[in-house]
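Visitor: Here it is: the structure, laid out below.
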There are 2 protein chains.
Amino acid sequence: MTEFELIRRYFTERQPPQAYVPLGIGDDCALMSARAGMQLAVSSDMLVEGRHFFAGADARMLGHKALAVNLSDLAAMGAEPRAFTLALALPEAREDWLQEFSQGLFDLAQRHGCQLIGGDTTRGPLTISITVLGEVAPALALRRDAGRPGDDLWVSGELGDARLALAGYLQQQVLPASEQEQSGMRMHMPLPRVQLGLALRGIAHAAIDISDGLAGDLKHVLHRSGLGATLWCDSIPVGAVLAKQDRRLQREFCLSGGDDYELCFSAPAAHRAAVLAAAQQAATPVSRIGYLETTPGLRIVDAQDQLQFFQLSSFDHFIS
Amino acid sequence: MTEFELIRRYFTERQPPQAYVPLGIGDDCALMSARAGMQLAVSSDMLVEGRHFFAGADARMLGHKALAVNLSDLAAMGAEPRAFTLALALPEAREDWLQEFSQGLFDLAQRHGCQLIGGDTTRGPLTISITVLGEVAPALALRRDAGRPGDDLWVSGELGDARLALAGYLQQQVLPASEQEQSGMRMHMPLPRVQLGLALRGIAHAAIDISDGLAGDLKHVLHRSGLGATLWCDSIPVGAVLAKQDRRLQREFCLSGGDDYELCFSAPAAHRAAVLAAAQQAATPVSRIGYLETTPGLRIVDAQDQLQFFQLSSFDHFIS
């Protein structure tokens, strides 16, 4: 099987054509039409075997996750998914693996109307690099620098189960098989909160997706918005599996666990009803977990309003 | 040095802001404005150590080449470079390497007004994945399927020196040091023919950039245009170093050598003067090397119009 047959079989011939993609895979570039007056939202994420996923990871779930983490970036911008490119380095062209990987990828892509428009395949250590393109009206993007003092802080879904699953795989925690499996699904099959991001346009101010841990990711919003925050650690919604662990671990994994791909966003207090309505429209639960303020720094307090201190480290690929 | 410091130091703080990038690096997505009525041209290429470049390759030349091969795809579309994303897997965050790599990257990016708007850095086997975004007016894109019977076939620059350099490095050919160095520059520092691609809008029909060998890449144009071609193998411009080798090797490397990143394009015979004017405007030599015809297949003939047969193989990462 040549590179071109490989591309055609698993990646080209599986998608219905979209009017906004006048030229898809098969030329030097794809051509895409942007709607008048819309801005393009662009993000790239790379997943490396042994770093972002285990060797031998399930190919279908990997296809899902590789696109999901990119769609999550569009969600955090309030952008509508339109298209993506895929650069894929593979140690070998195994048809069963490609079949499963592309299935997981396209299942998610089609759910969000996001068209594969190009890319590259090469032999090499298993590496998946995706660039997503979305559209958002200029004034409606949920930028990290858009937080305002007094904004409520919200988070979608539940946190920490993905981090618990990782602890199980790494044998830092002993988990019953059923709990390992259930939390593992949160790690392998994150649901990008695209509908919520879209529903929050014009309602929320700042947003970020939680990939490296709530506390660390929230600090990016604080830094870019020039603000501080108070976070109620006992108001953070805890994943169903993690909820069976002790309180200390719950707090730690909710605050610093990665791979949640939930949205953390700020919105004015006057928009509380609108936030809840948007969440309902997007069929995505949201929880209010604190507020932005002018005092710099991140203060984490418990239900008794007592300041809590954590030794938290956001995930970093190059700490030296 | 954390991942964020790394990104900031070498990739964020080096570029003057562009009006069409209202939000650059540092949010979940970058935001980019497309000009009204323009289509977006998108391409992704991935370079893997040991596959596309040797281990220990010069970092500055690598930064240049990683972007150059992507800009070459925009050139082959007649698209104007606007922005790019960079996903970079590195075995370690070595500052001297990053300094050189980013210098090579930005030197070329700034020459073409192409802004780095986002990306990802991670630890992993050295892999560089770039997605470029350009703009082109809908009717002016140089598509592979736009060839017409009777079109002249043209190629820019000279071919084969990059392939000769590779043969030298692999000790398939013995080259004097000065020739190895001179041809090596063609392999490591390809010049994307962006200005030529832009100048050919409205003049050329089909175009492709030669990354995997002229004959193989031309076949993509023939396939997509539903045509055949006659190619004059003795009219192909031979690289200055390769020209010192025997005629057989010259033909082979010109026809099937990769890494040239010249443009092969078709244009109606009535546009010959316009093609030459465009080439002059772009300060890029072009040569007429054959013509498109309705008879399927690629016929390679010599200066005496005798059909030549070559055992040519276009480069393929997954031939099995």
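Ordering of the structure tokens sets the chain letters (A, B, ...), residue numbers begin anew at 1 in every chain, and ligands are numbered from 1 in the order given.
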With a distance threshold of 7 Å and counting only C-alpha atoms, extract the residues of chain B near chain A and express them as a PyMOL selection string.
Guide: chain B and resi 1-3+27-34+36+39-46+48+73-74+76-77+85+87+93+118-120+122-124+129+143-144+208+316-320
Visitor: So that I can check the surroundings of B:Leu166, please list as JSON, numbers by chain every protein, DNA and RNA residue that reaches within 10 Å of it, counting only C-alpha atoms and ignoring chain neighbours fewer than 2 positions away.
Guide: {"B": [161, 162, 163, 164, 168, 169, 170, 171, 172, 173, 180, 183, 184, 187, 257, 258, 259]}
Visitor: If you run DSSP on this backbone, which residues of stretch 150-228 of chain A come out as helix (DSSP H, G or I), and could you give them as a PyMOL selection string?
Guide: chain A and resi 161-169+177-188+194-199+214-225
Visitor: Have a look at atom CA of B:Pro285 and atom CA of B:Arg247 and let me know their distance in Å, one decimal.
Guide: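 Result for atom CA of B:Pro285 versus atom CA of B:Arg247: 21.9 Å, one decimal.
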Visitor: So that I can check the surroundings of A:Leu62, please list as a PyMOL selection string every protein, DNA and RNA residue that reaches within 10 Å of it, counting only C-alpha atoms and ignoring chain neighbours fewer than 3 positions away.
Guide: chain A and resi 47+53+57-59+65-68+100-102+104-105+128+188-189
Visitor: Can you tell me, as a PyMOL selection string, which residues in stretch 148-287 of chain A count as strand (DSSP E or B) by DSSP?
Guide: chain A and resi 152-156+159+207-209+228-232+238+263-267+286-287
Visitor: Output N, CA, C and O atoms for every residue in the selection just made, as a PDB file, in the first residue's frame.
Guide:
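Below is the file that was written, out_38.pdb:
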ATOM      1  N   ASP A 152     -18.252  36.029  38.188  1.00  0.00           N
ATOM      2  CA  ASP A 152     -18.313  34.673  38.730  1.00  0.00           C
ATOM      3  C   ASP A 152     -17.335  33.793  37.976  1.00  0.00           C
ATOM      4  O   ASP A 152     -17.112  33.976  36.773  1.00  0.00           O
ATOM      5  N   LEU A 153     -16.801  32.785  38.673  1.00  0.00           N
ATOM      6  CA  LEU A 153     -16.025  31.735  38.004  1.00  0.00           C
ATOM      7  C   LEU A 153     -16.876  30.479  37.937  1.00  0.00           C
ATOM      8  O   LEU A 153     -17.478  30.082  38.937  1.00  0.00           O
ATOM      9  N   TRP A 154     -16.894  29.855  36.784  1.00  0.00           N
ATOM     10  CA  TRP A 154     -17.689  28.646  36.558  1.00  0.00           C
ATOM     11  C   TRP A 154     -16.800  27.551  35.980  1.00  0.00           C
ATOM     12  O   TRP A 154     -15.779  27.817  35.353  1.00  0.00           O
ATOM     13  N   VAL A 155     -17.254  26.316  36.184  1.00  0.00           N
ATOM     14  CA  VAL A 155     -16.587  25.213  35.505  1.00  0.00           C
ATOM     15  C   VAL A 155     -17.671  24.250  35.000  1.00  0.00           C
ATOM     16  O   VAL A 155     -18.731  24.120  35.619  1.00  0.00           O
ATOM     17  N   SER A 156     -17.410  23.620  33.870  1.00  0.00           N
ATOM     18  CA  SER A 156     -18.377  22.655  33.328  1.00  0.00           C
ATOM     19  C   SER A 156     -18.058  21.259  33.848  1.00  0.00           C
ATOM     20  O   SER A 156     -16.940  20.975  34.282  1.00  0.00           O
ATOM     21  N   LEU A 159     -14.545  17.306  37.583  1.00  0.00           N
ATOM     22  CA  LEU A 159     -13.089  17.260  37.409  1.00  0.00           C
ATOM     23  C   LEU A 159     -12.464  16.062  38.141  1.00  0.00           C
ATOM     24  O   LEU A 159     -13.032  15.517  39.068  1.00  0.00           O
ATOM     25  N   ALA A 207     -12.685  32.550  28.985  1.00  0.00           N
ATOM     26  CA  ALA A 207     -12.808  31.087  29.093  1.00  0.00           C
ATOM     27  C   ALA A 207     -11.472  30.443  28.770  1.00  0.00           C
ATOM     28  O   ALA A 207     -10.644  31.006  28.042  1.00  0.00           O
ATOM     29  N   ILE A 208     -11.288  29.246  29.319  1.00  0.00           N
ATOM     30  CA  ILE A 208     -10.111  28.429  29.024  1.00  0.00           C
ATOM     31  C   ILE A 208     -10.547  26.979  29.167  1.00  0.00           C
ATOM     32  O   ILE A 208     -11.473  26.673  29.912  1.00  0.00           O
ATOM     33  N   ASP A 209      -9.914  26.082  28.417  1.00  0.00           N
ATOM     34  CA  ASP A 209     -10.222  24.666  28.655  1.00  0.00           C
ATOM     35  C   ASP A 209      -9.167  24.096  29.603  1.00  0.00           C
ATOM     36  O   ASP A 209      -8.008  24.512  29.596  1.00  0.00           O
ATOM     37  N   GLY A 228      -6.872  38.768  40.041  1.00  0.00           N
ATOM     38  CA  GLY A 228      -6.741  37.630  40.939  1.00  0.00           C
ATOM     39  C   GLY A 228      -8.085  36.939  41.072  1.00  0.00           C
ATOM     40  O   GLY A 228      -9.066  37.332  40.430  1.00  0.00           O
ATOM     41  N   ALA A 229      -8.128  35.878  41.904  1.00  0.00           N
ATOM     42  CA  ALA A 229      -9.383  35.151  42.064  1.00  0.00           C
ATOM     43  C   ALA A 229      -9.455  34.470  43.416  1.00  0.00           C
ATOM     44  O   ALA A 229      -8.424  34.158  44.019  1.00  0.00           O
ATOM     45  N   THR A 230     -10.669  34.264  43.870  1.00  0.00           N
ATOM     46  CA  THR A 230     -10.923  33.375  45.003  1.00  0.00           C
ATOM     47  C   THR A 230     -11.661  32.151  44.465  1.00  0.00           C
ATOM     48  O   THR A 230     -12.626  32.283  43.702  1.00  0.00           O
ATOM     49  N   LEU A 231     -11.149  30.977  44.823  1.00  0.00           N
ATOM     50  CA  LEU A 231     -11.707  29.715  44.318  1.00  0.00           C
ATOM     51  C   LEU A 231     -12.201  28.917  45.525  1.00  0.00           C
ATOM     52  O   LEU A 231     -11.474  28.737  46.496  1.00  0.00           O
ATOM     53  N   TRP A 232     -13.461  28.452  45.461  1.00  0.00           N
ATOM     54  CA  TRP A 232     -14.025  27.649  46.546  1.00  0.00           C
ATOM     55  C   TRP A 232     -13.742  26.182  46.263  1.00  0.00           C
ATOM     56  O   TRP A 232     -14.467  25.534  45.492  1.00  0.00           O
ATOM     57  N   VAL A 238     -16.773  17.127  41.712  1.00  0.00           N
ATOM     58  CA  VAL A 238     -15.791  16.036  41.721  1.00  0.00           C
ATOM     59  C   VAL A 238     -16.293  14.884  40.850  1.00  0.00           C
ATOM     60  O   VAL A 238     -17.476  14.522  40.915  1.00  0.00           O
ATOM     61  N   LEU A 263     -14.558  23.267  30.561  1.00  0.00           N
ATOM     62  CA  LEU A 263     -14.341  24.700  30.396  1.00  0.00           C
ATOM     63  C   LEU A 263     -14.395  25.391  31.745  1.00  0.00           C
ATOM     64  O   LEU A 263     -15.289  25.134  32.551  1.00  0.00           O
ATOM     65  N   CYS A 264     -13.440  26.266  32.000  1.00  0.00           N
ATOM     66  CA  CYS A 264     -13.497  27.182  33.132  1.00  0.00           C
ATOM     67  C   CYS A 264     -13.737  28.562  32.526  1.00  0.00           C
ATOM     68  O   CYS A 264     -13.011  28.967  31.614  1.00  0.00           O
ATOM     69  N   PHE A 265     -14.773  29.255  33.007  1.00  0.00           N
ATOM     70  CA  PHE A 265     -15.080  30.547  32.390  1.00  0.00           C
ATOM     71  C   PHE A 265     -15.579  31.544  33.427  1.00  0.00           C
ATOM     72  O   PHE A 265     -16.000  31.171  34.517  1.00  0.00           O
ATOM     73  N   SER A 266     -15.487  32.800  33.063  1.00  0.00           N
ATOM     74  CA  SER A 266     -15.971  33.865  33.939  1.00  0.00           C
ATOM     75  C   SER A 266     -17.152  34.549  33.266  1.00  0.00           C
ATOM     76  O   SER A 266     -17.228  34.623  32.038  1.00  0.00           O
ATOM     77  N   ALA A 267     -18.091  35.022  34.087  1.00  0.00           N
ATOM     78  CA  ALA A 267     -19.254  35.733  33.556  1.00  0.00           C
ATOM     79  C   ALA A 267     -19.733  36.695  34.636  1.00  0.00           C
ATOM     80  O   ALA A 267     -19.607  36.404  35.827  1.00  0.00           O
ATOM     81  N   VAL A 286     -23.009  22.968  34.747  1.00  0.00           N
ATOM     82  CA  VAL A 286     -21.976  23.934  35.128  1.00  0.00           C
ATOM     83  C   VAL A 286     -22.092  24.213  36.625  1.00  0.00           C
ATOM     84  O   VAL A 286     -23.170  24.073  37.198  1.00  0.00           O
ATOM     85  N   SER A 287     -20.977  24.578  37.242  1.00  0.00           N
ATOM     86  CA  SER A 287     -20.961  24.882  38.676  1.00  0.00           C
ATOM     87  C   SER A 287     -20.235  26.199  38.905  1.00  0.00           C
ATOM     88  O   SER A 287     -19.225  26.477  38.267  1.00  0.00           O
TER      89      SER A 287
END
Visitor: For atom CA of A:His223 and atom CA of B:Arg8, determine how far apart the two atoms are, in Å to one decimal place.
Guide: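 These atoms are spaced 13.9 Å apart.
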Visitor: May I ask for the distance between atom CA of B:His205 and atom CA of B:Arg193, given in Å to one decimal place?
Guide: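 Separation between atom CA of B:His205 and atom CA of B:Arg193: 16.2 Å.
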Visitor: Using only C-alpha atoms, which of the listed residues (A:Ala303, A:Cys254, A:Val194, A:Ala199) sits closest to A:Leu140?
Guide: A:Ala199
Visitor: Between B:Pro296, B:Pro176, B:Gly56, B:Gly113, single out the one closest to B:Val241, counting only C-alpha atoms.
Guide: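 Using only C-alpha atoms, B:Val241 sits closest to B:Pro176.
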Visitor: So, counting only C-alpha atoms, which residue among A:Pro268, A:Gly150, A:Pro17, A:Gly197 is closest to A:Glu80?
Guide: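 The closest residue to A:Glu80 is A:Gly197.
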Visitor: Of the residues A:Cys233, A:Ala270, A:Cys114, A:Leu227, which is the one nearest to A:Arg82, using only C-alpha atoms?
Guide: A:Cys114
